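Q: First, the structure itself, so that you have it in front of you.
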Amino acid sequence: MSINDETRYKMVFYLEKLGYVKSETVKKAFLKVDRSKFIPENLKEEAYRDSPLSIGCGQTISAPSMIALMLEVSDLKLGLKILEIGAGSGYNAALIAEICGEKNVVTIERIPEVYQFGMENLKRAGYKVKVALGDGTKGYQEDAPYDRIIATAAAPQVPQSWKDQLKEGGMIIAPVGRERYYQELLVLKKKKDGTFGSNKYGGCVFVPLVGEDGWKE
Ligand code: SAM
């Protein structure tokens with residue numbers, strides 16, 4: 001086992017001990033995906049710090065504990081169709097691909113340089129995940145409807161297109177808040193009649209979701 005693998009295993013057990021990683025599915029995905037493959041060269045040694053890290057253009061790869069919390073509340077299973085908003089480094093998309101299957105994951109990114117970075121990381125790490133370039137505040141109609149829409153950038157409110165592109169029984173998992181640098185993690189579940197039930201999972205801080213139905217630049 002390399003030092004990199006060893007540090008990854010230590011991080012996963014730490015996340016488990018603190019209660020962020022709860023299920024075998026999420027644990028297996030974290031043990032499998034090498035975070036060091038999704039961060040810039042100069043930060044490789046920080047790969048397994050439980051902290052967000054810069055990926056350029058003012059954007060970040062989220063902290064592993066935050067990602068674990070979101071994946072756990074998403075209740076992911078093999079075969080579910082997932083749209084991730086905010087591809088960033090591609091790390092979260094790789095974790096989701098490990099659980100749901102790579103053909104079932106679409107991730108969208110608005111900044112061309114970050115899109116390129118995420119796409120290349122995923123390709124190099126061996127994941128055939130679809131990466132789209134565009135404004136995720138409009139969702140991604142081409143592959144809709146989805147079982148889950150997981151946003152990794154903070155929305156001032158949940159865009160209507162995400163609600164429309166969700167299957168019955170599907171869930172939106174997103175940091176939402178009217179303050180630009182403080183949000184609450186929301187989980188919305190689509191009912192039979194098209195209305196939504198919602199649950200809150202505490203405070204969080206994400207980079208803003210910028211776009212037509214999000215924050216303005
Ligand atoms: N999931 C990412 C990962 O695993 O590295 C972390 C994403 S980072 C916290 C949030 C990303 O959302 C940034 O790369 C940002 O450019 C992107 N973003 C912000 N607004 C967006 C939008 N309207 N559509 C798509 N991506 C957006």
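Ordering of the structure tokens sets the chain letters (A, B, ...); residue numbers start at 1 within each chain; ligands are numbered from 1 in the order shown.
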Give me the residues within 8 Å of Gln157 in chain A as a ChimeraX atom specification, counting only C-alpha atoms and dropping any in the same chain fewer than 6 places off.
A: /A:176-178,214
Q: Return as number ranges by chain the residues of protein, DNA or RNA that approach ligand 1 to within 9 Å, with only C-alpha atoms and all ligand atoms taken into account.
A: A: 38-39, 52-53, 55-63, 67, 84-95, 107-112, 114-115, 118, 132-139, 150-155, 206-215
Q: Assign secondary structure with DSSP using the backbone only, and return the residues of range 146-179 of chain A in strand (DSSP E or B) as a PyMOL selection string.
A: chain A and resi 146-151+154-155+166-179
Q: Give the answer as one residue: which of A:Glu98, A:Asp193, A:Glu41, A:Glu168 has the shortest atom-to-atom distance to Asn121 in chain A, using only C-alpha atoms?
A: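 Checking each candidate against Asn121 in chain A, we get A:Glu41 as the closest.
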